[in-house]
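Remarks on the structure that follows.
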Protein chains: 2
Amino acid sequence: MRDMLGREEVITVEKALEFILKNLSEVFPPEIKLNIEHSCGRILSRDIYSPENLPQFARSTVDGFAVNSSDTFGASDGLPAYLNIAGEVLMGAMPDFELKKGMAGKIATGGMLPIGADAVVMIEHAQTIDEKMIEVVKPAAPGENVIQAGEDIKKSALVLKKGHRLRPQDTGALAGLGITDVYVYEKPKVSIISTGNEIVPANNDVKPGQVRDINSFNLAGLISEAGGEPVKRGIFKDEYSVIKKVVEESLKDSAMALITGGSSVGTKDMTAKIINDVGSPGVLFHGVSIKPGKPLIGGIINNTPVFGLPGHPAAITVCFEQFIEPVLKKLTGISKNRFRGRKLVVAAKMAKNIASSSGREDHIRVALEQKDDEIWANPIMGKSGLITTLVKADGIVVIPLRKLGVEQGEVVEVRLF
Amino acid sequence: MRDMLGREEVITVEKALEFILKNLSEVFPPEIKLNIEHSCGRILSRDIYSPENLPQFARSTVDGFAVNSSDTFGASDGLPAYLNIAGEVLMGAMPDFELKKGMAGKIATGGMLPIGADAVVMIEHAQTIDEKMIEVVKPAAPGENVIQAGEDIKKSALVLKKGHRLRPQDTGALAGLGITDVYVYEKPKVSIISTGNEIVPANNDVKPGQVRDINSFNLAGLISEAGGEPVKRGIFKDEYSVIKKVVEESLKDSAMALITGGSSVGTKDMTAKIINDVGSPGVLFHGVSIKPGKPLIGGIINNTPVFGLPGHPAAITVCFEQFIEPVLKKLTGISKNRFRGRKLVVAAKMAKNIASSSGREDHIRVALEQKDDEIWANPIMGKSGLITTLVKADGIVVIPLRKLGVEQGEVVEVRLF
C-alpha cells in the first residue's frame, strides 16, 4: 500500500502529526451565545473589553477608619494623631458625609471611601477614645489599604482574549463587570463511524462470531474530554458503498470523522480508498511507527481531517492521544498561549524490564502502585485487542523510537489517563 | 475570637484540613442509574461483575489462517507445511466448517476460530498455492494470534470497583459486556451562600457603594470541576437571623455549605457564631496560617462541612484548592486508590525575588511565559481583593510555612488552574 504521495514506508509519530496539521487550514467553529453560568471550559470566540471600571469607586480592603493620609503623618504610639469621627460608611451605600481636615470615617472591608479620604487605617492601629474621636498610632501612606476605582479592571481594557478557555475565575471577573452572556465557539462535531460485520450494538445479545461495539464508547468519552462533541453515526457493514456514503454524510456537518474497525481482509485498504475517493487531498499517511496503532490512516478531505483507526481498543486510545486530540484541539479554536489542559504526568519506577524494538514508539500501559514513598509502574502485558489492558491501567509510558526498552527500577514518565 | 476548643492561635493548613477530615464520618451520596453514554467522570456506587465471558469465543488477532498448531510444527521456508483450505470464516458468523488434521481456514482479525483450530498463522507467513491449498513457512504455537474466550474479561469477574471514577475506556469495557446502565453516586450538592449588604447580582447595575457578586461564579465553577453540584442560595444581608435561616435550609439538602463574604465589622464573628449555633460540633478552626485566606472558618454541623470564606477573590480560590476540594472529594464517594484527577503541575523558574513571612504558607499567583526552552513564572503582584490577579495568572506557587521566600531563577513547582 502506498499513500497518495507514493510513500511506502510508515512514518514517525511526529512527522505524521506534523503532516496533518500542516495541511489543515485554520477554520473557526461557529459561535454561540452562552450564559456565563454554563461557560466554564468553553472557548471565547471574541475578545472581551471592559464596559466599566471595576470597582467603580475606591474601596477599603480592611476594617478600620478612612482618613486623609496627611492627617496621620508621624503618628506613633508615643504621639498619636487624634481624629474626629465624621460618620460611618454603610456597606452598599454612598457615604453620607465628607472628610474635612482632621476627620476620620468608620469603614469596613469593601466599603466606599468618603470624599476627602485617600487611605484607611486598620482597626488594629487605631484606638477609639469615645464616640466622636479616635487616636491613630501608625501613619497611613496615600492609597494604603485602598483598592482604587478601576484598579482591578479599567474601563475599555482587554479582559479576556478570543481563543481563551474560560476558567472559574474568568467567569467571576465577567460577573463583576456585569457581563452575563459571552460568545463561545461551538464544540467541533466528531463523527464516529463504526465498521465491521461482526460488530453489534452494546444493548444487543451476541451470537457466535459477534462482539459488541466497544470502541465508539471509548472514543465518545475521549472526544468529550478533549472538548469535542461526539456524533455516533452507527455501525456499518464493511462495504465500500455503505461506508463511502456515511463518510460523505458525516463530512456535511462534522469537523472531523473517525472510521474505526474494518478488520476484514482488505478493509484497511478500502478505508484508504474511500478517503481518497471522497475528496482531496485524501490519505496523507497510512501506517505509523507506533505500537499499538501502527495501521492508522490519516487524511484530509476538503480541509476536514479523517482518520481510519485500527480496531484494537488499546490502539484506539494511543492513536487518540497522539494524533486525534492535537488535531481536535486545533479545531476547537483554542489559542496556544496558555498552559492549561496538558496531560497529567507522574514519575514512577518501572517494575519490570520491558523490551522495545528500535524504530517504533512503544506505548506501554501501566498500573501504578504506591510502595512507601515510591510510585511503581507495573506494565500490563495483555494483547492490545483487550479492553481490560486499558481498564487495569492508570496511564501510559512511552518508549521512544530509538530506545531499546526500559530496565526494572528505571524512572519513567507516566502520562495518566 | 476563640474556637469551640478555646484555641486562639491560627493553625497550619495541614492541621486545619486534618481536623475537618478526621471529624467527618464517611457518608455516601444517594445513587442514580445512568446510561453509560453519560457516565464518564461519574463515580460507581456498586461493584460491577461480568455477566459473561468477553469475548464469548476464541478470536483471531490477525489476518491469516486458522490452524491446528501441531500441523505447523517445524515449518520453515525450506520445509513448509502444506494445509488444505477447509473454508473461510465470515465476520460476525459462526464458521460453517471444522478443521480436521492438515486443514486451515481463512480468517480475518476478529474472526471466530473454527472447531479444531487453536492458533492463527499470519498472512505474511503463509503462501497461497491455489484455491485449495496454502504453505505455511513458520510454525504457530498453540494460542498464537488468538484471544481466548474470556481472556479479556471472565464471567463473574470483578470488572470495576465501587468508588471508581469512570473513564472512557471503562465505558467501552461495559459496552463490550452489554452493560449499558450503571449505578453512580449523585454529585454532592454544595450550597453557596453569598453575604454582604454591598453585593448585588451580576445582571444588576451598580450604584455607588455596590459591587456585583463575583465569588459565587468562581466558586460554582470550582465546585463543578471538583465533581460537586453548585447550588446558589442567593445573596443575603449581613444579619444573624437571615444567614442562620439560609444555613439551616441549605443543610437540609446539601452535602456542604459555603458562606462567602460578610465583610462588615463583626460579620466574621457572626458567621462563626451561626455555625456554632445551628448545630454541633460547630466551628473547628477559625483562622489558618495561609495567605491569602487567613480568615477562613471551618466547621461541621451534623456531619456536614460548613466553611466561612473570606470575600477576597484570590482567597476564595486558594481556600477552595487547599480545604474545600479535598473535603468535597471525600463527599463524592470516590476511592483513593487511583492516580487520576491530581492537579497539573509544571516546573518553572521564578522571574523575581519574592519575600515571604515564616509561619505562613504564601500562595503566589503566577503567569507563565516560555522563553526558549525554559518556562518562567512571573508573580502577579496585586492585592488579593482583585479578581484580575487570578485572571492574569496561570497557576499558583506555594512558599511553605518555614521558607522565607523564593529567589529569582529558583525552580518552583507551579500548580496550574
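Letters for chains follow the order of the C-alpha cells (A, B, ...), residue numbers begin at 1 for each chain, and ligand numbers begin at 1 in the order shown.
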Would you list, as an NGL selection string, the residues of region 231-296 of chain A that end up in strand (DSSP E or B) under DSSP run on this structure's backbone?
:A and (231-236 or 256-261 or 281-286 or 288 or 290-291)
Excluding region 89-105 of chain A and any residue of its chain fewer than 2 positions from it, enumerate the residues within 8 Å of it, using only C-alpha atoms, and give them as a PyMOL selection string.
(chain A and resi 65-68+71+82-87+107-108+110-117) or (chain B and resi 196-199+207-211+264)
Would you save the residues from that selection as a CSV table (one decimal), in the first residue's frame, using C-alpha atoms?
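Result file selection12.csv:
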```csv
chain,number,residue,atom,x,y,z
A,65,PHE,CA,-11.0,54.2,59.5
A,66,ALA,CA,-11.0,56.1,56.3
A,67,VAL,CA,-8.6,59.1,56.7
A,68,ASN,CA,-6.8,61.7,54.8
A,71,ASP,CA,-3.5,63.8,58.9
A,82,TYR,CA,-6.3,62.5,67.1
A,83,LEU,CA,-9.1,62.5,64.6
A,84,ASN,CA,-12.8,63.3,64.9
A,85,ILE,CA,-15.2,60.6,63.7
A,86,ALA,CA,-17.3,62.2,60.9
A,87,GLY,CA,-19.6,59.2,60.5
A,107,ILE,CA,-15.3,51.8,57.3
A,108,ALA,CA,-15.5,48.1,56.8
A,110,GLY,CA,-15.3,46.7,50.8
A,111,GLY,CA,-16.8,50.0,52.0
A,112,MET,CA,-16.7,53.0,49.7
A,113,LEU,CA,-14.2,55.7,50.7
A,114,PRO,CA,-15.9,59.1,51.5
A,115,ILE,CA,-14.9,62.2,49.7
A,116,GLY,CA,-11.7,63.6,51.3
A,117,ALA,CA,-10.3,60.2,52.3
B,196,GLY,CA,-22.8,41.3,52.1
B,197,ASN,CA,-25.0,44.4,52.1
B,198,GLU,CA,-22.9,45.8,49.2
B,199,ILE,CA,-23.3,42.7,46.9
B,207,LYS,CA,-25.0,52.1,42.5
B,208,PRO,CA,-22.2,53.9,44.4
B,209,GLY,CA,-21.0,51.6,47.2
B,210,GLN,CA,-22.3,48.4,45.5
B,211,VAL,CA,-20.3,45.7,43.7
B,264,SER,CA,-18.8,44.3,57.7
```
Fewer than 2 positions away in the same chain doesn't count, so skip those; otherwise give me all residues within 9 Å of region 31-39 of chain B, counting only C-alpha atoms, as a PyMOL selection string.
(chain A and resi 217+220-221) or (chain B and resi 28-29+41-46+166-168+171-172+174-175+179-186)
Could the residues in this selection be written to a file with C-alpha atoms, as a PDB file, in the first residue's frame?
```pdb
ATOM      1  CA  PHE A 217     -17.910   4.352  23.700  1.00  0.00           C
ATOM      2  CA  ALA A 220     -17.003   9.265  22.538  1.00  0.00           C
ATOM      3  CA  GLY A 221     -15.583   9.732  26.039  1.00  0.00           C
TER       4      GLY A 221
ATOM      5  CA  PHE B  28     -22.038   8.100  50.615  1.00  0.00           C
ATOM      6  CA  PRO B  29     -24.320  10.141  48.374  1.00  0.00           C
ATOM      7  CA  GLY B  41     -16.363  11.176  35.134  1.00  0.00           C
ATOM      8  CA  ARG B  42     -19.035   9.755  37.453  1.00  0.00           C
ATOM      9  CA  ILE B  43     -18.279   7.568  40.479  1.00  0.00           C
ATOM     10  CA  LEU B  44     -19.572   3.975  40.585  1.00  0.00           C
ATOM     11  CA  SER B  45     -21.761   3.270  43.611  1.00  0.00           C
ATOM     12  CA  ARG B  46     -21.644  -0.520  43.173  1.00  0.00           C
ATOM     13  CA  LEU B 166     -15.423   6.073  35.115  1.00  0.00           C
ATOM     14  CA  ARG B 167     -13.054   6.835  32.250  1.00  0.00           C
ATOM     15  CA  PRO B 168     -13.736   6.469  28.525  1.00  0.00           C
ATOM     16  CA  THR B 171     -17.460   2.632  29.448  1.00  0.00           C
ATOM     17  CA  GLY B 172     -16.020   0.732  26.468  1.00  0.00           C
ATOM     18  CA  LEU B 174     -19.029  -2.106  29.986  1.00  0.00           C
ATOM     19  CA  ALA B 175     -20.426  -1.778  26.461  1.00  0.00           C
ATOM     20  CA  ILE B 179     -23.924  -3.393  30.461  1.00  0.00           C
ATOM     21  CA  THR B 180     -25.499  -0.159  29.221  1.00  0.00           C
ATOM     22  CA  ASP B 181     -26.707   1.247  32.571  1.00  0.00           C
ATOM     23  CA  VAL B 182     -24.686   1.766  35.730  1.00  0.00           C
ATOM     24  CA  TYR B 183     -25.357   2.972  39.246  1.00  0.00           C
ATOM     25  CA  VAL B 184     -23.340   6.049  40.182  1.00  0.00           C
ATOM     26  CA  TYR B 185     -23.345   8.438  43.114  1.00  0.00           C
ATOM     27  CA  GLU B 186     -25.247  11.670  42.783  1.00  0.00           C
TER      28      GLU B 186
END
```
Contacts of Ser156 (chain A) within 12 Å, only C-alpha atoms, excl. fewer than 6 positions in-chain, as a ChimeraX atom specification
/A:47-54,150,177
Identify, on the basis of only C-alpha atoms, every residue whose closest approach to Ile193 (chain B) does not exceed 8 Å; exclude the query and any residue fewer than 5 positions from it along the same chain; express the result as JSON, numbers by chain.
{"B": [232, 233, 234, 235, 236, 246, 247, 257, 258, 259, 260]}
Closest contacts (region 143-200 of chain B/region 304-317 of chain B, max 10 Å, only C-alpha atoms) as CSV:
```
residue,atom,partner,partner_atom,distance
B:Val190,CA,B:Val306,CA,9.6
B:Ser191,CA,B:Val306,CA,9.4
B:Ile192,CA,B:Phe307,CA,10.0
B:Ile193,CA,B:Gly308,CA,9.5
B:Ser194,CA,B:Gly311,CA,9.2
B:Thr195,CA,B:Gly311,CA,9.1
B:Gly196,CA,B:Gly311,CA,9.2
```
Work out how far apart CA of Gly227 (chain B) and CA of Thr332 (chain B) are and give it in Å to one decimal.
7.0 Å
Closest to chain B among A:Asp269, A:Glu135, A:Asp63, A:Asp373, using only C-alpha atoms?
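Among the listed residues, the smallest separation from chain B belongs to A:Asp63.
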So which one's closest to chain B, A:Phe57, A:Phe320, A:Phe73, A:Trp376? Using only C-alpha atoms, please.
A:Phe57
CA of Asp362 (chain A) and CA of Phe323 (chain A) are how many Å apart?
14.9 Å
Between B:Gly333, B:Gly228, B:Gly176, B:Gly64, which one has atoms that come closest to chain A, using only C-alpha atoms?
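Once distances to chain A are computed over only C-alpha atoms, the minimum belongs to B:Gly176.
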DSSP helix (DSSP H, G or I) residues within region 146-342 of chain B, listed as number ranges by chain
B: 168-176, 215-225, 240-253, 267-278, 313-332
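Residue nearest chain B, chosen from A:Leu219, A:Met270, A:Val318, A:Ile334 and counting only C-alpha atoms: A:Leu219.
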So how far away is CA of Ile153 (chain A) from CA of Glu369 (chain B), in Å?
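Those two atoms sit 21.9 Å apart.
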